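These notes are about the structure you will find just below.
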Amino acid sequence: MRASIALLIFLILNIGYASNNSSIIALVNDSFISSQSIERYLSKSSSFDDKMAVIDHQIDIILQLEKVDELDINPTQYDINEAITELASSNEITVEQLQAYPDYPFLLAEIINYLSIIYLQQYITADLQFNFTKDEISNNCNIIKAQKIKQIK
């Protein structure tokens with residue numbers, strides 16, 4: 001599936017149809033990704049692989065948001081307001097100034113999507129329990145150390 005999408009995207013990007021703001025880059029179930037919706041991310045990508053990573057990431061987001069809708073997991077208005085307040089504070093502006101921003105509706109949608117995905121992750125991992133013994137942890141750490149894999153903090 002991803003290979004056929006990659007081929008389609010390769011053709012679109014190389015032929016130049018993606019320069020049109022209404023170009024559909026990928027179909028994901030009943031949703032689509034337009035060149036306009038990811039234009040700012042694609043413009044920061046220099047290589048084809050980077051652009052493919054952006055599109056893959058967008059596909060993953062759409063699939064996660066579909067699961068959010070399916071499970072009816074939505075952020076509360078309180079959490080949305082808190083995120084808006086925190087965003088305004090971190091940018092040293094008031095909430096009213098943030099809301100006056102011309103792209104505020106898109107920003108609000110991104111906040112809601114981000115919180116929805118966090119809620120989905122919490123929902124999925126809520127009942128996870130790891131029951132590793134100290135010996136299992138130690139053995140796995142020794143295996144990693146023997147492979148000389150560097151860890152970056």
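Residues are referred to by chain and number: the chain letter is A, B, ... according to the order shown in the structure tokens, the number counts from 1 in that chain, and ligands are numbered separately from 1 in the order shown.
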
### Message
Quick one: residues within 12 Å of Gln64 in chain A, only C-alpha atoms, excluding same-chain residues fewer than 4 positions away - as an NGL selection string?
### Response
:A and (28 or 57-60 or 68-73 or 113-121 or 124)

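CA of Ser31 in chain A is positioned 9.3 Å from CA of Leu63 in chain A.
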
### Task
Name the residues of range 28-94 of chain A that fall into strand (DSSP E) according to DSSP on the backbone, using the chain letters and numbers of this document, as a PyMOL selection string.
chain A and resi 28+31-34

Would you mind listing what lies within 8 Å of range 75-88 of chain A as an mmCIF file with all heavy atoms, in the first residue's frame, with only C-alpha atoms counted and same-chain residues fewer than 3 positions away left out?
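Saved result, part.cif, follows:
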data_model
loop_
_atom_site.group_PDB
_atom_site.id
_atom_site.type_symbol
_atom_site.label_atom_id
_atom_site.label_comp_id
_atom_site.auth_asym_id
_atom_site.auth_seq_id
_atom_site.Cartn_x
_atom_site.Cartn_y
_atom_site.Cartn_z
ATOM 1 N N ASN A 91 4.550 32.132 24.160
ATOM 2 C CA ASN A 91 4.874 33.102 23.119
ATOM 3 C C ASN A 91 4.772 34.540 23.619
ATOM 4 O O ASN A 91 4.842 35.486 22.826
ATOM 5 C CB ASN A 91 3.958 32.905 21.904
ATOM 6 C CG ASN A 91 4.345 31.698 21.114
ATOM 7 O OD1 ASN A 91 5.392 31.674 20.490
ATOM 8 N ND2 ASN A 91 3.521 30.658 21.157
ATOM 9 N N GLU A 92 4.567 34.667 24.925
ATOM 10 C CA GLU A 92 4.497 35.968 25.597
ATOM 11 C C GLU A 92 3.460 36.895 24.974
ATOM 12 O O GLU A 92 3.703 38.083 24.741
ATOM 13 C CB GLU A 92 5.881 36.626 25.623
ATOM 14 C CG GLU A 92 6.901 35.816 26.396
ATOM 15 C CD GLU A 92 8.295 36.409 26.365
ATOM 16 O OE1 GLU A 92 8.523 37.417 25.675
ATOM 17 O OE2 GLU A 92 9.172 35.846 27.053
ATOM 18 N N ILE A 93 2.280 36.317 24.703
ATOM 19 C CA ILE A 93 1.145 37.098 24.238
ATOM 20 C C ILE A 93 -0.078 36.682 25.045
ATOM 21 O O ILE A 93 -0.052 35.657 25.743
ATOM 22 C CB ILE A 93 0.871 36.898 22.722
ATOM 23 C CG1 ILE A 93 0.595 35.419 22.401
ATOM 24 C CG2 ILE A 93 2.022 37.425 21.881
ATOM 25 C CD1 ILE A 93 0.160 35.170 20.957
ATOM 26 N N THR A 94 -1.150 37.451 24.932
ATOM 27 C CA THR A 94 -2.381 37.090 25.627
ATOM 28 C C THR A 94 -3.172 36.101 24.780
ATOM 29 O O THR A 94 -2.929 35.951 23.580
ATOM 30 C CB THR A 94 -3.253 38.332 25.876
ATOM 31 O OG1 THR A 94 -3.694 38.849 24.610
ATOM 32 C CG2 THR A 94 -2.492 39.404 26.658
ATOM 33 N N VAL A 95 -4.126 35.446 25.411
ATOM 34 C CA VAL A 95 -4.981 34.510 24.695
ATOM 35 C C VAL A 95 -5.764 35.259 23.612
ATOM 36 O O VAL A 95 -5.944 34.758 22.502
ATOM 37 C CB VAL A 95 -5.933 33.777 25.664
ATOM 38 C CG1 VAL A 95 -6.968 32.963 24.918
ATOM 39 C CG2 VAL A 95 -5.150 32.887 26.625
ATOM 40 N N LEU A 98 -3.626 35.763 20.643
ATOM 41 C CA LEU A 98 -3.496 34.502 19.928
ATOM 42 C C LEU A 98 -4.754 34.228 19.100
ATOM 43 O O LEU A 98 -4.675 33.831 17.943
ATOM 44 C CB LEU A 98 -3.236 33.346 20.903
ATOM 45 C CG LEU A 98 -3.046 31.963 20.295
ATOM 46 C CD1 LEU A 98 -1.823 31.927 19.380
ATOM 47 C CD2 LEU A 98 -2.918 30.920 21.384
ATOM 48 N N LEU A 108 -5.991 26.003 16.281
ATOM 49 C CA LEU A 108 -6.917 25.341 17.196
ATOM 50 C C LEU A 108 -7.157 23.891 16.771
ATOM 51 O O LEU A 108 -7.157 22.980 17.606
ATOM 52 C CB LEU A 108 -8.241 26.107 17.255
ATOM 53 C CG LEU A 108 -9.314 25.552 18.180
ATOM 54 C CD1 LEU A 108 -8.814 25.518 19.621
ATOM 55 C CD2 LEU A 108 -10.580 26.375 18.063
ATOM 56 N N ILE A 111 -4.171 21.849 17.741
ATOM 57 C CA ILE A 111 -4.161 21.597 19.186
ATOM 58 C C ILE A 111 -5.121 20.463 19.517
ATOM 59 O O ILE A 111 -4.777 19.535 20.264
ATOM 60 C CB ILE A 111 -4.519 22.877 19.972
ATOM 61 C CG1 ILE A 111 -3.375 23.885 19.890
ATOM 62 C CG2 ILE A 111 -4.873 22.561 21.422
ATOM 63 C CD1 ILE A 111 -3.707 25.264 20.423
ATOM 64 N N ILE A 112 -6.318 20.506 18.961
ATOM 65 C CA ILE A 112 -7.314 19.470 19.223
ATOM 66 C C ILE A 112 -6.820 18.117 18.707
ATOM 67 O O ILE A 112 -6.939 17.098 19.400
ATOM 68 C CB ILE A 112 -8.673 19.850 18.605
ATOM 69 C CG1 ILE A 112 -9.248 21.056 19.362
ATOM 70 C CG2 ILE A 112 -9.643 18.674 18.637
ATOM 71 C CD1 ILE A 112 -10.450 21.693 18.704
ATOM 72 N N LEU A 115 -4.001 16.869 21.072
ATOM 73 C CA LEU A 115 -4.557 16.369 22.339
ATOM 74 C C LEU A 115 -5.315 15.065 22.120
ATOM 75 O O LEU A 115 -5.244 14.156 22.954
ATOM 76 C CB LEU A 115 -5.477 17.420 22.968
ATOM 77 C CG LEU A 115 -4.791 18.670 23.525
ATOM 78 C CD1 LEU A 115 -5.826 19.696 23.969
ATOM 79 C CD2 LEU A 115 -3.864 18.319 24.672
ATOM 80 N N SER A 116 -6.024 14.944 21.016
ATOM 81 C CA SER A 116 -6.768 13.716 20.711
ATOM 82 C C SER A 116 -5.823 12.526 20.581
ATOM 83 O O SER A 116 -6.113 11.436 21.084
ATOM 84 C CB SER A 116 -7.562 13.882 19.419
ATOM 85 O OG SER A 116 -8.538 14.886 19.557
ATOM 86 N N TYR A 119 -4.636 11.547 23.979
ATOM 87 C CA TYR A 119 -5.689 10.782 24.654
ATOM 88 C C TYR A 119 -5.744 9.352 24.119
ATOM 89 O O TYR A 119 -5.942 8.411 24.883
ATOM 90 C CB TYR A 119 -7.041 11.459 24.462
ATOM 91 C CG TYR A 119 -7.360 12.572 25.423
ATOM 92 C CD1 TYR A 119 -6.363 13.373 25.973
ATOM 93 C CD2 TYR A 119 -8.667 12.852 25.772
ATOM 94 C CE1 TYR A 119 -6.662 14.393 26.838
ATOM 95 C CE2 TYR A 119 -8.979 13.871 26.647
ATOM 96 C CZ TYR A 119 -7.979 14.641 27.180
ATOM 97 O OH TYR A 119 -8.284 15.652 28.040
#

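Among the candidates A:Asp135, A:Glu110, A:Glu96, A:Glu66, the residue lying nearest to Ser37 in chain A is A:Glu110 (atoms considered: only C-alpha atoms).
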
### Task
Give the answer as one residue: which of A:Phe132, A:Tyr123, A:Phe32, A:Tyr104 has the shortest atom-to-atom distance to Ile61 in chain A, using only C-alpha atoms?
A:Phe32

### Message
Just list as an MDAnalysis selection string whatever in range 112-147 of chain A DSSP marks as helix (DSSP H, G or I).
### Response
chainID A and resid 112:125 134:146

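Distance-wise, CA of Gln36 in chain A and CA of Phe106 in chain A end up 12.5 Å apart.
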
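From CA of Ile62 in chain A back to CA of Thr125 in chain A, the distance works out to 19.6 Å.
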